[in-house]
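> First the structure, then my questions, so here it is.
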Amino acid sequence: MNTKRTFKKELPRDKLLSIVLSYLKEIDKEDRKIKIIKLLEALSAEIVTAETCKLWMIDYEKKIFYSESFLDNERIEISWGKGLLNIGLDKADAFYINNITENKLYDPSIDNIENREIKDIIILPVTDENAKVLFIIEAATSKNDLQQFTENDLNALRSIQPYLTDNYPLLLEDRSNKVTNENEHILKNMETLKKDKKRAEAMVDSSTQFLAEVAHEIRTPMNAVMGFIDLLRVDEKDKEKLIYLESAAKSGEMMIALINDLLDFSKIEKGMMELETIHFNPIEEFNVMAPLFCARMKKKDILFKLFLDPMLPKEIVSDPHRIKQILSNLLGNAIKFTPEKGEITLEILYNQQAKQIDFSVIDTGIGIAKENQSKIFESYTQETNSTSRKFGGTGLGLSISSKLAEKFGDKLQVESKEGEGSRFYFSLKNAVINSEPMINFKALKKVKPALLFSEEFRSTKALVQRYLIAFGIPKEAIAHYNSCEKVDKNSFTHLFSSPDLIDYSAVQKTLDEHTPVTIFKQTAFDFYMEDLKGPIDEIECTFGPDRLYNSLAQNLTQPKADKNEFENKKRSFVKKKILVVDDNHLNVHFIREVVKKLGAVVESAYDGDEAVEVYQRAQAWKDPFDLILMDENMPHMNGTEAAKIIIALEKEHAYPHTVIIGISGDATEEQREKSIAFGMDECIFKPVGIKKIIEVFEQFLP
């Protein structure tokens with residue numbers, strides 16, 4: 001299941017001003033006080049996407065809060081002294097509390113007089129120039145809402161406080177009963193607001209457009225780089241070369257991720273960021289973090305420890321890509337600031353009581369001074385001016401990570417001591433769908449593992465033991481050896497060993513007795529088991545619980561190699577005719593090679609004009625194309641314009657429809673919708689790999 005859902009958005013200044021302006025216009029038309037109160041409540045609710053919102057007036061003489069918006073002709077009063085309203089009055093500043101029923105400050109008799117199923121509450125005391133609280137805005141969400149309030153909501157409410165304060169006189173009595181210069185004041189206020197909005201829109205639009213254009217220019221050559229790596233991997237049999245190609249491919253993916261970071265930051269600033277709602281297994285999803293960063297850490301001789309709690313739920317619902325984006329930024333930072341021979345740990349733990357997943361990245365790096373810890377999450381900011389000169393970077397990663405963590409309903413936090421390292425952490429709440437663990441612990445009751453590790457592999461041994469104990473295997477059931485000669489064959493059911501202690505003759509005898517043996521190696525380039533036969537396996541030192549579980553739960557056999565992907569698909573696309581259109585010759589060459597390997601006939605064009613000519617020629621010769629892969633951004637005539645002409649020719653001459661697939665460097669849903677609106681059948685995003693081309697062919701070529 002993979003469906004999009006719009007989570008809480010951070011409203012950019014232009015959007016926020018637009019909302020305020022529209023409400024001020026409505027307020028200007030109203031005479032009745034009750035209507036104005038409800039408009040101010042609706043404005044505040046929309047700013048923070050709350051489900052309900054109430055405006056509480058304050059009577060300082062009687063020491064009460066009162067509301068006139070529950071019922072038009074009835075006033076509800078609450079005495080001072082307790083509840084969140086009283087805290088708001090004392091604090092005179094906005095605050096929020098999530099999962100409110102678990103908080104001791106919450107008093108339902110005051111804070112929930114309607115007895116609703118409230119989950120989160122945000123309080124905004126609206127003050128005058130002397131910091132006196134004039135009235136209080138109380139907004140809330142229900143238990144059915146996955147979203148939570150964040151610092152961005154507080155900032156948004158604080159930014160509209162001047163407009164709420166300006167309307168305070170209208171809340172004291174009906175406008176129809178008094179004559180003031182309020183209309184003139186409001187009109188002047190609205191004129192200023194319009195100017196602010198126009199300036200904000202111009203700034204946001206220009207920066208977003210610039211980033212989109214830069215991203216497209218980088219994605220185009222990256223498409224060819226990653227495409228040819230894909231092609232080389234198809235026919236390569238040499239294991240070592242395949243590892244090199246895998247590393248190159250992952251590096252390319254990280255390059256694309258960096259480009260996406262820039263666009264993501266722009267989207268966050270503009271309030272366009274959307275999170276996906278995907279059902280997934282967290283152990284399977286987050287296991288990939290290890291191979292992505294192991295090579296970089298080994299270059300600095302940094303020890304990388306990964307621990308994924310075996311109790312992690314089998315199924316959660318969230319946006320795994322954005323979570324991995326946060327973790328990637330945190331791990332990248334940790335590598336940057338951790339010296340050689342240091343340690344970095346990624347822990348993902350399950351808090352069963354709170355039903356939340358806790359993420360931590362811990363390093364033994366340079367640490368952060370206490371006075372600088374709050375500012376490192378600001379955009380383009382690092383701890384000190386010398387940090388960027390010494391270590392590089394823009395300071396954008398932590399800012400994006402912090403904003404993304406807020407979108408997941410939590411706050412990215414740091415614990416650090418200068419010279420001793422740092423711990424960055426955040427939690428994912430309200431995401432568990434199936435709390436049953438992935439690991440079948442019952443199957444491990446009779447397991448008696450033996451650990452044969454040298455001092456050099458002590459950290460690997462410690463990780464293996466931590467997992468075994470987490471599996472429910474008693475500590476006393478785990479045997480420990482430091483020499484192959486000392487191993488008692490009758491004392492264990494599974495043998496785990498570091499490669500330097502392996503005695504091949506003794507291990508082969510163990511395998512002959514059908515006892516599984518697993519060798520833990522330092523790098524993917526090491527191969528130890530090729531001369532051994534039986535239930536033998538190799539695991540790279542950074543691994544997850546599922547990998548270790550497989551070694552325990554069954555006699556391992558070598559996985560069968562997948563059949564050549566092209567050979568499986570080739571028969572389906574023989575005689576299909578494809579037109580590839582792109583102004584980048586490398587991209588054209590890559591896609592041509594893929595299409596030819598799939599058995600189809602391929603022609604090419606290098607701009608929109610030429611694409612239209614080739615299309616018309618094929619129709620005239622009665623040898624039409626089955627599908628056109630059309631780059632969006634080309635000189636002379638872009639892909640959208642060419643597609644419009646081709647579709648017009650189809651209608652004019654009653655040609656059968658040719659499928660047109662747009663290829664864009666602007667990887668946004670807006671671009672996809674725009675392409676489809678202009679008549680294309682689909683739009684895919686660069687870099688376009690082999691799998692994506694096959695997916696498109698399978699979908700559109702019957």
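We label chains A, B, ... in the order they appear in the structure tokens, count residues from 1 in each chain, and number ligands from 1 in the order shown.
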Report as number ranges by chain all protein, DNA and RNA residues lying within 12 Å of Asp90 of chain A, evaluated on only C-alpha atoms, omitting residues in the same chain fewer than 6 positions from it.

A: 80-84, 123-125, 127, 131-133, 136

> Tell me which protein, DNA and RNA residues are within 9 Å of Pro310 of chain A, counting only C-alpha atoms, leaving out same-chain ones fewer than 4 positions away, and put them as a list in words.

Ile283, Leu349, Tyr350, Pro437, Met438, Ile439, Tyr467, Ala470, Phe471, Gly544, Pro545 and Asp546 of chain A

> Report the residues of segment 337-581 of chain A whose backbone DSSP state falls under helix (DSSP H, G or I), written as an MDAnalysis selection string.

chainID A and resid 337 370:372 375:377 385:391 397:407 441:444 455:470 475:477 484:486 489:491 499:501 504:512 545:553 565:573

> Find the spatial neighbours of Asn351 of chain A, counting only C-alpha atoms, within a cut-off of 12 Å - ignore same-chain residues fewer than 6 positions away - and output them as a count of residues only.

14

> Given only C-alpha atoms as the basis, pick out the residue of A:Lys533, A:Lys486, A:Lys25, A:His636 nearest to Asp583 of chain A.

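Once distances to Asp583 of chain A are computed over only C-alpha atoms, the minimum belongs to A:His636.
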
> Would you mind listing what lies within 10 Å of Ser328 of chain A as a list in words, with only C-alpha atoms counted and same-chain residues fewer than 6 positions away left out?

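My reading of the contact set: Met254, Ala257, Met289, Leu292, Phe293, Arg322, Ala334, Val361, Gly397 and Ser401 of chain A.
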
> Which neighbours of Lys489 of chain A fall inside 10 Å, counting only C-alpha atoms, when residues of the same chain fewer than 2 positions from it are skipped, and could you give them as a VMD selection string?

chain A and resid 450 486 to 487 491 to 495 506 509 to 510 513 515

> Quick one: everything within 8 Å of Glu641 of chain A, counting only C-alpha atoms, minus sequence neighbours fewer than 4 positions away in the same chain. Send it as a PDB file with C-alpha atoms, in the first residue's frame.


ATOM      1  CA  GLY A 608      11.245  18.605 -29.894  1.00  0.00           C
ATOM      2  CA  MET A 637      11.086  23.033 -28.629  1.00  0.00           C
ATOM      3  CA  ILE A 645       1.845  18.903 -31.614  1.00  0.00           C
TER       4      ILE A 645
END

> Taking 2 positions as the minimum chain separation for residues in the same chain, which residues sit within 10 Å of Phe573 of chain A when counting only C-alpha atoms? Answer as a tab-separated table (two decimals) with C-alpha atoms, in the first residue's frame.


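Saved the output as result-v2.tsv:
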chain	number	residue	atom	x	y	z
A	569	LYS	CA	11.41	-9.44	-20.38
A	570	LYS	CA	12.84	-9.61	-23.90
A	571	ARG	CA	10.09	-11.74	-25.42
A	575	LYS	CA	9.01	-5.74	-32.54
A	576	LYS	CA	7.84	-2.84	-30.36
A	577	LYS	CA	9.07	0.48	-31.75
A	595	VAL	CA	15.60	-0.61	-25.19
A	596	LYS	CA	17.71	-2.75	-27.55
A	597	LYS	CA	18.47	-5.22	-24.75
A	598	LEU	CA	14.72	-5.48	-24.19
A	599	GLY	CA	14.34	-6.59	-27.80
A	600	ALA	CA	12.53	-3.49	-29.08
A	601	VAL	CA	13.39	-1.35	-32.13
A	694	ILE	CA	10.87	-1.89	-17.74
A	697	PHE	CA	7.06	-0.77	-20.89
A	698	GLU	CA	5.07	-3.31	-18.89
A	701	LEU	CA	3.06	-1.73	-24.05
A	702	PRO	CA	0.47	-4.55	-24.15

> Would you mind telling me which residue in A:Arg458, A:Arg158, A:Lys407, A:Arg547 lies nearest to Phe95 of chain A when using only C-alpha atoms?

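Ranking A:Arg458, A:Arg158, A:Lys407, A:Arg547 by distance to Phe95 of chain A, first place goes to A:Arg158.
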
> So, with only C-alpha atoms as the atoms that count, which of A:Asn550, A:Ser360, A:Ser109, A:Ser79 lies closest to Glu61 of chain A?

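Checking each candidate against Glu61 of chain A, we get A:Ser79 as the closest.
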
> A:Gly419, A:Gly639, A:Pro535, A:Pro449: which is nearest Glu476 of chain A, counting only C-alpha atoms?

A:Pro449

> If DSSP is run on the backbone, what residues of segment 339-440 of chain A are strand (DSSP E)? A reply as a ChimeraX atom specification would be ideal.

/A:343-351,356-363,413-417,421-428,432-437

> Save out the residues we just selected, N, CA and C atoms, as an mmCIF file, in the first residue's frame.


data_model
loop_
_atom_site.group_PDB
_atom_site.id
_atom_site.type_symbol
_atom_site.label_atom_id
_atom_site.label_comp_id
_atom_site.auth_asym_id
_atom_site.auth_seq_id
_atom_site.Cartn_x
_atom_site.Cartn_y
_atom_site.Cartn_z
ATOM 1 N N GLU A 343 34.154 5.998 16.871
ATOM 2 C CA GLU A 343 33.008 5.091 16.759
ATOM 3 C C GLU A 343 31.743 5.877 16.458
ATOM 4 N N ILE A 344 30.876 5.267 15.628
ATOM 5 C CA ILE A 344 29.556 5.836 15.339
ATOM 6 C C ILE A 344 28.531 4.715 15.496
ATOM 7 N N THR A 345 27.462 4.997 16.204
ATOM 8 C CA THR A 345 26.423 3.995 16.445
ATOM 9 C C THR A 345 25.078 4.517 15.964
ATOM 10 N N LEU A 346 24.362 3.676 15.221
ATOM 11 C CA LEU A 346 22.974 3.958 14.854
ATOM 12 C C LEU A 346 22.107 2.953 15.594
ATOM 13 N N GLU A 347 21.257 3.454 16.483
ATOM 14 C CA GLU A 347 20.340 2.600 17.235
ATOM 15 C C GLU A 347 18.904 2.945 16.877
ATOM 16 N N ILE A 348 18.134 1.905 16.595
ATOM 17 C CA ILE A 348 16.699 2.086 16.361
ATOM 18 C C ILE A 348 15.986 1.130 17.311
ATOM 19 N N LEU A 349 15.366 1.694 18.335
ATOM 20 C CA LEU A 349 14.779 0.902 19.415
ATOM 21 C C LEU A 349 13.266 1.062 19.442
ATOM 22 N N TYR A 350 12.591 0.030 19.978
ATOM 23 C CA TYR A 350 11.135 0.088 20.097
ATOM 24 C C TYR A 350 10.753 0.252 21.561
ATOM 25 N N ASN A 351 10.068 1.343 21.858
ATOM 26 C CA ASN A 351 9.536 1.599 23.196
ATOM 27 C C ASN A 351 8.125 1.019 23.234
ATOM 28 N N GLN A 356 6.304 3.720 20.479
ATOM 29 C CA GLN A 356 7.023 4.634 19.607
ATOM 30 C C GLN A 356 8.381 4.046 19.253
ATOM 31 N N ILE A 357 8.931 4.489 18.133
ATOM 32 C CA ILE A 357 10.238 4.026 17.680
ATOM 33 C C ILE A 357 11.237 5.161 17.914
ATOM 34 N N ASP A 358 12.317 4.850 18.613
ATOM 35 C CA ASP A 358 13.323 5.846 18.969
ATOM 36 C C ASP A 358 14.569 5.674 18.107
ATOM 37 N N PHE A 359 14.990 6.759 17.460
ATOM 38 C CA PHE A 359 16.169 6.761 16.594
ATOM 39 C C PHE A 359 17.286 7.559 17.265
ATOM 40 N N SER A 360 18.500 7.006 17.261
ATOM 41 C CA SER A 360 19.653 7.709 17.834
ATOM 42 C C SER A 360 20.873 7.510 16.953
ATOM 43 N N VAL A 361 21.625 8.589 16.742
ATOM 44 C CA VAL A 361 22.939 8.509 16.099
ATOM 45 C C VAL A 361 23.949 9.052 17.101
ATOM 46 N N ILE A 362 24.880 8.193 17.508
ATOM 47 C CA ILE A 362 25.837 8.533 18.571
ATOM 48 C C ILE A 362 27.248 8.482 17.991
ATOM 49 N N ASP A 363 28.068 9.491 18.267
ATOM 50 C CA ASP A 363 29.446 9.494 17.762
ATOM 51 C C ASP A 363 30.419 9.873 18.868
ATOM 52 N N GLN A 413 16.626 16.351 18.726
ATOM 53 C CA GLN A 413 17.342 16.880 19.888
ATOM 54 C C GLN A 413 18.791 16.406 19.885
ATOM 55 N N VAL A 414 19.606 17.078 20.663
ATOM 56 C CA VAL A 414 21.023 16.733 20.746
ATOM 57 C C VAL A 414 21.485 16.739 22.199
ATOM 58 N N GLU A 415 22.309 15.752 22.523
ATOM 59 C CA GLU A 415 23.049 15.728 23.782
ATOM 60 C C GLU A 415 24.521 15.693 23.400
ATOM 61 N N SER A 416 25.309 16.594 23.917
ATOM 62 C CA SER A 416 26.704 16.645 23.492
ATOM 63 C C SER A 416 27.578 17.291 24.553
ATOM 64 N N LYS A 417 28.830 16.858 24.550
ATOM 65 C CA LYS A 417 29.827 17.466 25.411
ATOM 66 C C LYS A 417 31.066 17.714 24.575
ATOM 67 N N GLY A 421 31.961 13.906 22.020
ATOM 68 C CA GLY A 421 31.001 13.321 21.094
ATOM 69 C C GLY A 421 29.599 13.860 21.263
ATOM 70 N N SER A 422 28.677 13.330 20.443
ATOM 71 C CA SER A 422 27.297 13.833 20.420
ATOM 72 C C SER A 422 26.313 12.687 20.226
ATOM 73 N N ARG A 423 25.091 12.937 20.653
ATOM 74 C CA ARG A 423 23.973 12.026 20.389
ATOM 75 C C ARG A 423 22.800 12.839 19.865
ATOM 76 N N PHE A 424 22.391 12.556 18.626
ATOM 77 C CA PHE A 424 21.209 13.176 18.038
ATOM 78 C C PHE A 424 20.083 12.142 18.077
ATOM 79 N N TYR A 425 18.886 12.566 18.453
ATOM 80 C CA TYR A 425 17.811 11.584 18.592
ATOM 81 C C TYR A 425 16.440 12.219 18.333
ATOM 82 N N PHE A 426 15.511 11.369 17.899
ATOM 83 C CA PHE A 426 14.112 11.753 17.701
ATOM 84 C C PHE A 426 13.270 10.488 17.747
ATOM 85 N N SER A 427 11.953 10.647 17.812
ATOM 86 C CA SER A 427 11.054 9.494 17.924
ATOM 87 C C SER A 427 9.957 9.567 16.881
ATOM 88 N N LEU A 428 9.446 8.389 16.517
ATOM 89 C CA LEU A 428 8.312 8.277 15.602
ATOM 90 C C LEU A 428 7.140 7.721 16.400
ATOM 91 N N VAL A 432 2.540 2.600 14.610
ATOM 92 C CA VAL A 432 2.515 1.134 14.655
ATOM 93 C C VAL A 432 1.175 0.603 14.156
ATOM 94 N N ILE A 433 1.247 -0.321 13.193
ATOM 95 C CA ILE A 433 0.043 -0.975 12.656
ATOM 96 C C ILE A 433 -0.068 -2.390 13.205
ATOM 97 N N ASN A 434 1.042 -3.122 13.130
ATOM 98 C CA ASN A 434 1.088 -4.497 13.633
ATOM 99 C C ASN A 434 2.267 -4.597 14.598
ATOM 100 N N SER A 435 1.973 -4.669 15.903
ATOM 101 C CA SER A 435 3.038 -4.637 16.910
ATOM 102 C C SER A 435 3.763 -5.968 17.061
ATOM 103 N N GLU A 436 3.295 -6.997 16.374
ATOM 104 C CA GLU A 436 3.980 -8.291 16.424
ATOM 105 C C GLU A 436 5.380 -8.155 15.832
ATOM 106 N N PRO A 437 6.424 -8.681 16.510
ATOM 107 C CA PRO A 437 7.784 -8.545 15.971
ATOM 108 C C PRO A 437 8.009 -9.408 14.738
#

> For Ala667 of chain A, which residue out of A:Ile278, A:Ile539, A:Ile684, A:Ile366 is the nearest one, using only C-alpha atoms?

A:Ile684
